[in-house]
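Text of the file query.txt, holding compact mmCIF, C-alpha atoms and all ligand atoms:
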```txt
# COMPACT_ATOMS: atom_id res chain seq x y z
CA MET O 2 125.64 144.72 115.64
CA GLN O 3 125.24 147.08 118.59
CA ALA O 4 127.10 150.41 118.26
CA LYS O 5 129.58 151.34 120.99
CA THR O 6 130.99 154.53 122.46
CA PRO O 7 134.70 155.47 122.36
CA LYS O 8 134.85 155.17 126.13
CA GLU O 9 134.10 151.42 125.90
CA SER O 10 137.43 150.90 124.14
CA ARG O 11 139.47 153.34 126.25
CA THR O 12 142.84 151.84 127.10
CA ILE O 13 145.30 153.52 129.43
CA MET O 14 148.88 152.26 129.77
CA THR O 15 151.30 153.93 132.19
CA ASP O 16 155.00 153.07 132.36
CA LEU O 17 158.43 154.55 133.10
CA VAL O 18 161.15 155.53 130.64
CA LEU O 19 164.17 153.34 131.46
CA PRO O 20 167.78 153.83 130.23
CA SER O 21 167.57 151.04 127.61
CA GLU O 22 164.61 152.87 125.98
CA THR O 23 166.35 156.20 125.33
CA ASN O 24 168.31 157.86 122.52
CA PRO O 25 171.78 159.51 122.95
CA LEU O 26 170.08 162.66 124.32
CA ASN O 27 168.53 160.58 127.12
CA ASN O 28 165.02 161.03 125.75
CA LEU O 29 162.57 158.24 124.93
CA PHE O 30 163.50 156.53 121.63
CA GLY O 31 160.81 157.17 118.99
CA GLY O 32 160.45 153.49 118.08
CA GLU O 33 159.82 152.61 121.72
CA LEU O 34 156.96 155.11 121.87
CA LEU O 35 155.55 153.75 118.59
CA ALA O 36 155.57 150.23 120.08
CA ARG O 37 153.83 151.40 123.27
CA MET O 38 151.19 153.20 121.20
CA ASP O 39 150.73 150.15 118.94
CA ARG O 40 150.10 147.95 122.00
CA ALA O 41 147.56 150.37 123.50
CA ALA O 42 145.85 150.83 120.12
CA SER O 43 145.69 147.07 119.62
CA ILE O 44 143.94 146.60 122.98
CA ALA O 45 141.48 149.43 122.22
CA ALA O 46 140.68 147.88 118.82
CA ARG O 47 140.19 144.48 120.45
CA ARG O 48 137.91 145.95 123.14
CA HIS O 49 135.78 147.61 120.49
CA SER O 50 135.56 144.66 118.08
CA ARG O 51 136.10 141.65 120.38
CA ARG O 52 138.10 140.20 117.47
CA VAL O 53 141.71 139.60 116.47
CA THR O 54 142.97 142.94 115.19
CA VAL O 55 146.01 143.91 113.12
CA THR O 56 147.73 147.24 112.51
CA ALA O 57 146.84 148.32 108.97
CA SER O 58 148.54 151.71 109.03
CA VAL O 59 150.10 154.40 111.18
CA ASN O 60 148.35 157.45 109.80
CA HIS O 61 149.90 160.20 111.82
CA VAL O 62 152.48 160.63 114.58
CA ALA O 63 153.58 163.94 116.04
CA PHE O 64 156.64 163.80 118.29
CA ASN O 65 155.99 167.29 119.60
CA ARG O 66 157.91 167.03 122.86
CA ALA O 67 160.89 164.97 123.93
CA ILE O 68 160.17 162.63 126.85
CA PRO O 69 163.13 162.52 129.27
CA LEU O 70 164.63 159.45 130.96
CA GLY O 71 162.74 158.61 134.15
CA SER O 72 159.44 160.13 132.98
CA VAL O 73 156.13 158.54 133.85
CA VAL O 74 154.43 158.18 130.44
CA THR O 75 150.74 157.48 129.94
CA VAL O 76 149.42 156.35 126.57
CA GLU O 77 145.66 156.68 126.20
CA ALA O 78 143.93 155.01 123.23
CA CYS O 79 140.29 155.05 122.04
CA VAL O 80 138.50 153.98 118.89
CA SER O 81 137.49 157.32 117.36
CA ARG O 82 135.54 155.86 114.42
CA ALA O 83 134.74 152.45 113.02
CA PHE O 84 134.03 151.82 109.35
CA ASN O 85 133.31 148.32 108.01
CA SER O 86 136.24 146.22 109.24
CA SER O 87 138.64 149.07 110.03
CA MET O 88 138.87 151.26 113.10
CA GLU O 89 140.66 154.56 113.60
CA ILE O 90 142.42 154.65 116.96
CA TYR O 91 143.33 158.04 118.38
CA LEU O 92 146.19 158.11 120.88
CA ASP O 93 147.11 160.82 123.35
CA VAL O 94 150.44 160.63 125.18
CA TRP O 95 150.87 162.37 128.53
CA ILE O 96 153.77 162.89 130.88
CA GLU O 97 153.45 163.52 134.59
CA ASP O 98 155.35 166.16 136.53
CA ARG O 99 157.31 164.39 139.27
CA GLU O 100 156.76 167.07 141.92
CA ASN O 101 153.19 168.27 141.46
CA GLY O 102 151.73 165.30 139.51
CA HIS O 103 150.25 167.53 136.78
CA ARG O 104 149.80 165.79 133.42
CA SER O 105 150.83 167.50 130.21
CA LYS O 106 150.34 166.38 126.62
CA ALA O 107 153.56 165.19 124.99
CA ASN O 108 152.53 163.55 121.73
CA GLU O 109 149.64 162.18 119.76
CA ALA O 110 149.11 159.63 117.02
CA ILE O 111 146.47 158.02 114.86
CA TYR O 112 146.57 154.34 113.91
CA THR O 113 144.26 152.20 111.76
CA PHE O 114 143.47 148.65 112.88
CA VAL O 115 141.48 146.01 111.02
CA ALA O 116 139.46 143.23 112.66
CA VAL O 117 140.11 139.84 111.07
CA ASP O 118 138.90 136.26 111.40
CA ASP O 119 141.11 133.23 112.09
CA THR O 120 142.27 133.20 108.47
CA GLY O 121 143.20 136.91 108.47
CA LYS O 122 140.16 137.96 106.44
CA PRO O 123 138.64 141.35 107.42
CA VAL O 124 135.34 141.13 109.35
CA ALA O 125 132.73 143.75 110.27
CA VAL O 126 132.96 145.69 113.54
CA PRO O 127 130.36 147.70 115.53
CA ALA O 128 129.83 151.37 114.68
CA ILE O 129 130.93 154.18 117.00
CA VAL O 130 128.63 156.69 118.64
CA PRO O 131 130.69 159.66 119.81
CA GLU O 132 129.53 161.42 122.99
CA THR O 133 131.78 164.36 123.86
CA ASP O 134 132.74 167.39 121.72
CA LEU O 135 136.26 166.02 121.26
CA GLU O 136 134.94 162.59 120.29
CA ASN O 137 132.59 164.20 117.75
CA GLU O 138 135.43 166.28 116.29
CA ARG O 139 137.65 163.21 115.89
CA PHE O 140 134.76 161.14 114.49
CA ASP O 141 133.90 163.78 111.87
CA ALA O 142 137.49 164.07 110.59
CA ALA O 143 138.17 160.32 110.53
CA LEU O 144 136.71 159.64 107.07
CA ARG O 145 138.97 162.31 105.58
CA ARG O 146 141.98 160.72 107.27
CA LYS O 147 140.96 157.25 106.07
CA GLN O 148 140.72 158.48 102.49
CA LEU O 149 144.09 160.24 102.75
CA SER O 150 145.71 157.07 104.13
CA LEU O 151 144.21 154.95 101.34
CA VAL O 152 145.35 157.43 98.67
CA LEU O 153 148.90 157.49 100.10
CA ALA O 154 148.93 153.67 100.23
CA GLY O 155 147.85 153.54 96.56
CA LYS O 156 144.58 151.81 97.53
CA MET O 157 142.26 154.65 96.47
CA LYS O 158 142.37 156.94 93.46
CA PRO O 159 142.62 160.63 94.45
CA LYS O 160 139.55 161.40 92.35
CA GLU O 161 137.51 158.98 94.51
CA ALA O 162 138.53 160.72 97.72
CA THR O 163 135.36 162.78 98.11
CA GLU O 164 136.23 164.16 101.56
CA LEU O 165 139.64 165.36 100.40
CA LYS O 166 138.21 166.98 97.29
CA ALA O 167 135.65 168.79 99.44
CA LEU O 168 138.54 170.42 101.32
CA PHE O 169 139.93 172.04 98.19
CA VAL O 170 137.01 172.40 95.77
CA ASP O 171 133.90 174.48 96.48
C1 LIG O 201 145.24 145.13 107.05
C2 LIG O 201 144.79 143.98 106.13
C3 LIG O 201 143.98 142.99 106.94
C4 LIG O 201 143.88 144.62 105.06
O1 LIG O 201 143.56 143.58 104.20
P1 LIG O 201 143.04 143.89 102.70
O2 LIG O 201 143.05 142.64 101.95
O3 LIG O 201 143.74 145.10 102.17
O4 LIG O 201 141.55 144.18 102.97
P2 LIG O 201 140.64 145.35 102.46
O5 LIG O 201 141.14 146.01 101.22
O6 LIG O 201 139.25 144.78 102.43
O7 LIG O 201 140.76 146.39 103.65
C5 LIG O 201 140.18 146.12 104.90
C6 LIG O 201 139.94 147.44 105.59
O8 LIG O 201 141.21 148.03 105.88
C7 LIG O 201 141.22 149.36 105.38
N1 LIG O 201 142.61 149.67 105.04
C8 LIG O 201 143.47 148.89 104.36
N2 LIG O 201 144.65 149.53 104.23
C9 LIG O 201 144.50 150.73 104.83
C10 LIG O 201 145.36 151.85 105.00
N3 LIG O 201 146.60 151.87 104.53
N4 LIG O 201 144.87 152.94 105.67
C11 LIG O 201 143.60 152.95 106.15
N5 LIG O 201 142.75 151.91 106.00
C12 LIG O 201 143.20 150.81 105.35
C13 LIG O 201 140.30 149.32 104.18
O9 LIG O 201 139.85 150.61 103.82
C14 LIG O 201 139.19 148.45 104.71
O10 LIG O 201 138.40 149.22 105.61
P3 LIG O 201 136.81 149.00 105.79
O11 LIG O 201 136.55 147.53 105.73
O12 LIG O 201 136.51 149.55 107.14
O13 LIG O 201 136.16 149.76 104.69
C15 LIG O 201 145.96 143.26 105.42
O14 LIG O 201 146.62 144.18 104.57
C16 LIG O 201 146.97 142.70 106.41
O15 LIG O 201 146.75 141.66 107.00
N6 LIG O 201 148.10 143.42 106.61
C17 LIG O 201 149.13 142.99 107.56
C18 LIG O 201 148.75 143.44 108.97
C19 LIG O 201 149.88 143.21 109.94
O16 LIG O 201 150.46 142.15 109.94
N7 LIG O 201 150.16 144.23 110.74
C20 LIG O 201 151.28 144.20 111.62
C21 LIG O 201 152.45 144.74 110.87
S1 LIG O 201 153.96 144.14 111.49
```

Output the file's structure in the form of C-alpha cells.
Amino acid sequence: MQAKTPKESRTIMTDLVLPSETNPLNNLFGGELLARMDRAASIAARRHSRRVTVTASVNHVAFNRAIPLGSVVTVEACVSRAFNSSMEIYLDVWIEDRENGHRSKANEAIYTFVAVDDTGKPVAVPAIVPETDLENERFDAALRRKQLSLVLAGKMKPKEATELKALFVD
C-alpha cells in the first residue's frame, strides 16, 4: 500500500457560530465544536484510507479560548500518523478577526479513527510520511499518545506501554 503525506488528507471546514450553537455566555458550545471537529477528522481519515472510518477515541481536546457568537471558525484536520488500521487525526481550530482577517489559534484536538470494512472489521491503511517540521513532531509523538489512549481505555497494560515508560525511566 502506497504511503501518503498528511497534506493529502488535509480537510478544512469553515463556518459561522450561530445563536443556537452557543452557551449562556454567548460563546460556542463545546459539544458543537466537538461535532465539527469529528466531521472534519472523519473526512481526513476517509481521504487518507479511502475506507469507511469510525471514531475510536477522542484523545485530547484543549478548549483554550472561548469562541464568541458570530465568529468565523475554521477547523483544519490532517492525519498525523497511521498505524495498522488506526489513524491519529490532529485538529487545529482557528478564528478570524472580522476587521483585519488575521487568523488566530483558538483550540486544538487529537482524535483516533479506525478504517473498517462493510462488516465493521478493522482494515489496514496506508502509512504516513511526514514532510514539515510540525508534521514530523506530531508523527513522532503519536505512538506515545496511542499507547496512553489504549492504557486509559484498559486495552493495553501500562507495563507494555514502551513509549510511556521511556518518558519516566532512563
Ligand atoms: C473502533 C473499533 C472499530 C475498534 O475495534 P476493535 O475490535 O477494538 O479492534 P482492535 O482492537 O483491532 O483495534 C483496532 C485499532 O484501533 C485502535 N484502538 C482501539 N481503541 C483505541 C483507543 N481507545 N485509542 C486509540 N486507539 C484505539 C487499536 O489500537 C487498533 O489500532 P491498529 O490496528 O492501528 O494497531 C470498534 O471499537 C468500534 O467499532 N467502535 C465503535 C465506533 C463508533 O461507532 N464510533 C462512533 C461513536 S458514536

Which chain O residues have any atom within 10 Å of an atom of ligand LIG 201 (chain O), and for each, what is the nearest pair of atoms with distance in Å to one decimal, counting all atoms listed in the file, rows sorted by chain and number, as a tab-separated table?
```
residue	atom	partner	partner_atom	distance
O:Asp39	CA	O:LIG201	C20	9.4
O:Thr54	CA	O:LIG201	C3	8.3
O:Val55	CA	O:LIG201	N7	4.8
O:Thr56	CA	O:LIG201	N7	4.3
O:Ala57	CA	O:LIG201	C1	4.1
O:Ser58	CA	O:LIG201	N3	4.9
O:Val59	CA	O:LIG201	N4	7.7
O:Asn60	CA	O:LIG201	N4	7.0
O:Arg82	CA	O:LIG201	O12	9.7
O:Ala83	CA	O:LIG201	O12	6.8
O:Phe84	CA	O:LIG201	O12	4.0
O:Asn85	CA	O:LIG201	O12	3.5
O:Ser86	CA	O:LIG201	O11	3.8
O:Ser87	CA	O:LIG201	O12	3.6
O:Met88	CA	O:LIG201	O12	6.6
O:Glu89	CA	O:LIG201	C11	8.2
O:Tyr112	CA	O:LIG201	C11	8.4
O:Thr113	CA	O:LIG201	C11	5.7
O:Phe114	CA	O:LIG201	C1	7.0
O:Val115	CA	O:LIG201	O8	5.5
O:Ala116	CA	O:LIG201	C3	7.3
O:Val117	CA	O:LIG201	C3	6.5
O:Asp118	CA	O:LIG201	C3	9.5
O:Thr120	CA	O:LIG201	O15	9.7
O:Gly121	CA	O:LIG201	O15	6.1
O:Lys122	CA	O:LIG201	C3	6.3
O:Pro123	CA	O:LIG201	C3	5.6
O:Val124	CA	O:LIG201	O11	7.5
O:Ala125	CA	O:LIG201	O11	7.0
O:Val126	CA	O:LIG201	O12	8.3
O:Leu144	CA	O:LIG201	C11	9.6
O:Arg146	CA	O:LIG201	C11	8.0
O:Lys147	CA	O:LIG201	C11	5.0
O:Gln148	CA	O:LIG201	C11	7.2
O:Leu149	CA	O:LIG201	N4	7.9
O:Ser150	CA	O:LIG201	N4	4.5
O:Leu151	CA	O:LIG201	N4	4.8
O:Val152	CA	O:LIG201	N3	8.2
O:Leu153	CA	O:LIG201	N3	7.5
O:Ala154	CA	O:LIG201	N3	5.2
O:Gly155	CA	O:LIG201	N3	8.2
O:Lys156	CA	O:LIG201	N2	7.1
O:Met157	CA	O:LIG201	O9	8.7
```

Rounded to one decimal in Å, what is the spacing between atom CA of O:Thr75 and atom CA of O:Arg145? 27.5 Å

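Atom pair atom CA of O:Asn28 / atom CA of O:Leu135 has a distance of 29.5 Å (rounded to one decimal).
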
Name the residues in contact with O:Glu132 at a cut-off of 12 Å, using all atoms listed in the file, excluding same-chain residues fewer than 5 positions from it; report them as a PyMOL selection string. chain O and resi 5-9+81-82+137-140

Extract, using all atoms listed in the file, all DNA, RNA and protein residues at most 10 Å from stretch 10-19 of chain O, discarding same-chain residues fewer than 5 positions from it, and format them as a PyMOL selection string. chain O and resi 5+27-30+33-34+37-38+40-50+68-81+90-96

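The smallest atom-to-atom distance between O:Asp141 and any of O:Ala162, O:Ile129, O:Leu35, O:Val170, using all atoms listed in the file, is found for O:Ile129.
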
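Of note, atom CA of O:Leu26 and atom CA of O:Ala67 are spaced 9.5 Å apart.
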
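Of the residues listed (O:Ser105, O:Pro159, O:Arg52, O:Glu136), O:Arg52 shows the shortest atom-to-atom separation from O:Asp119; distances use only C-alpha atoms.
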
Requested file, stretch 53-77 of chain O restricted to N, CA, C and O atoms, as a CSV table (one decimal), in the first residue's frame:
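out-v1.csv written:
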```
chain,number,residue,atom,x,y,z
O,53,VAL,N,-14.5,3.3,4.9
O,53,VAL,CA,-15.4,3.7,5.9
O,53,VAL,C,-14.5,3.9,7.2
O,53,VAL,O,-13.7,3.0,7.5
O,54,THR,N,-14.7,5.0,7.9
O,54,THR,CA,-13.9,5.2,9.1
O,54,THR,C,-14.8,5.5,10.3
O,54,THR,O,-15.9,6.1,10.1
O,55,VAL,N,-14.4,5.1,11.5
O,55,VAL,CA,-15.2,5.4,12.7
O,55,VAL,C,-14.4,6.0,13.7
O,55,VAL,O,-13.1,5.8,13.8
O,56,THR,N,-15.0,6.8,14.6
O,56,THR,CA,-14.2,7.5,15.7
O,56,THR,C,-14.0,6.4,16.7
O,56,THR,O,-14.9,5.8,17.3
O,57,ALA,N,-12.7,6.2,17.0
O,57,ALA,CA,-12.4,5.2,18.1
O,57,ALA,C,-12.2,5.9,19.4
O,57,ALA,O,-12.6,5.3,20.5
O,58,SER,N,-11.6,7.1,19.4
O,58,SER,CA,-11.4,7.8,20.6
O,58,SER,C,-11.1,9.3,20.4
O,58,SER,O,-10.6,9.6,19.4
O,59,VAL,N,-11.5,10.1,21.4
O,59,VAL,CA,-11.1,11.5,21.4
O,59,VAL,C,-10.0,11.5,22.4
O,59,VAL,O,-10.2,11.4,23.6
O,60,ASN,N,-8.7,11.7,21.9
O,60,ASN,CA,-7.6,11.6,22.8
O,60,ASN,C,-7.3,12.8,23.6
O,60,ASN,O,-6.8,12.7,24.8
O,61,HIS,N,-7.5,13.9,23.0
O,61,HIS,CA,-7.2,15.2,23.7
O,61,HIS,C,-8.0,16.3,23.1
O,61,HIS,O,-8.2,16.4,21.9
O,62,VAL,N,-8.5,17.2,24.0
O,62,VAL,CA,-9.2,18.4,23.5
O,62,VAL,C,-8.8,19.5,24.4
O,62,VAL,O,-8.8,19.3,25.6
O,63,ALA,N,-8.3,20.6,23.9
O,63,ALA,CA,-8.0,21.8,24.7
O,63,ALA,C,-8.9,23.0,24.3
O,63,ALA,O,-8.7,23.5,23.2
O,64,PHE,N,-9.8,23.3,25.2
O,64,PHE,CA,-10.7,24.5,24.9
O,64,PHE,C,-9.9,25.7,25.5
O,64,PHE,O,-10.3,26.2,26.5
O,65,ASN,N,-8.9,26.1,24.8
O,65,ASN,CA,-8.0,27.2,25.3
O,65,ASN,C,-8.7,28.6,25.3
O,65,ASN,O,-8.5,29.4,26.2
O,66,ARG,N,-9.5,28.8,24.2
O,66,ARG,CA,-10.1,30.2,24.1
O,66,ARG,C,-11.5,30.0,23.8
O,66,ARG,O,-11.9,29.2,22.9
O,67,ALA,N,-12.4,30.9,24.4
O,67,ALA,CA,-13.8,30.9,24.0
O,67,ALA,C,-13.9,31.5,22.6
O,67,ALA,O,-13.2,32.3,22.2
O,68,ILE,N,-15.0,31.0,21.9
O,68,ILE,CA,-15.2,31.4,20.5
O,68,ILE,C,-16.5,32.1,20.5
O,68,ILE,O,-17.6,31.5,20.6
O,69,PRO,N,-16.5,33.5,20.4
O,69,PRO,CA,-17.8,34.2,20.5
O,69,PRO,C,-18.8,34.0,19.4
O,69,PRO,O,-18.4,33.7,18.2
O,70,LEU,N,-20.1,34.3,19.7
O,70,LEU,CA,-21.1,34.3,18.7
O,70,LEU,C,-20.7,35.1,17.5
O,70,LEU,O,-20.2,36.2,17.7
O,71,GLY,N,-21.0,34.6,16.3
O,71,GLY,CA,-20.7,35.4,15.1
O,71,GLY,C,-19.3,35.2,14.6
O,71,GLY,O,-19.0,35.6,13.5
O,72,SER,N,-18.5,34.4,15.3
O,72,SER,CA,-17.1,34.2,14.8
O,72,SER,C,-17.2,33.3,13.5
O,72,SER,O,-18.0,32.5,13.4
O,73,VAL,N,-16.1,33.6,12.7
O,73,VAL,CA,-15.9,32.7,11.6
O,73,VAL,C,-14.8,31.6,12.1
O,73,VAL,O,-13.7,32.0,12.5
O,74,VAL,N,-15.2,30.4,12.2
O,74,VAL,CA,-14.4,29.3,12.7
O,74,VAL,C,-13.9,28.4,11.7
O,74,VAL,O,-14.7,27.9,10.9
O,75,THR,N,-12.6,28.1,11.6
O,75,THR,CA,-12.0,27.2,10.7
O,75,THR,C,-11.4,26.0,11.4
O,75,THR,O,-10.6,26.2,12.3
O,76,VAL,N,-11.9,24.8,11.1
O,76,VAL,CA,-11.4,23.6,11.7
O,76,VAL,C,-10.5,22.9,10.6
O,76,VAL,O,-11.0,22.7,9.5
O,77,GLU,N,-9.3,22.7,10.9
O,77,GLU,CA,-8.3,22.1,10.0
O,77,GLU,C,-7.9,20.7,10.5
O,77,GLU,O,-7.4,20.6,11.6
```
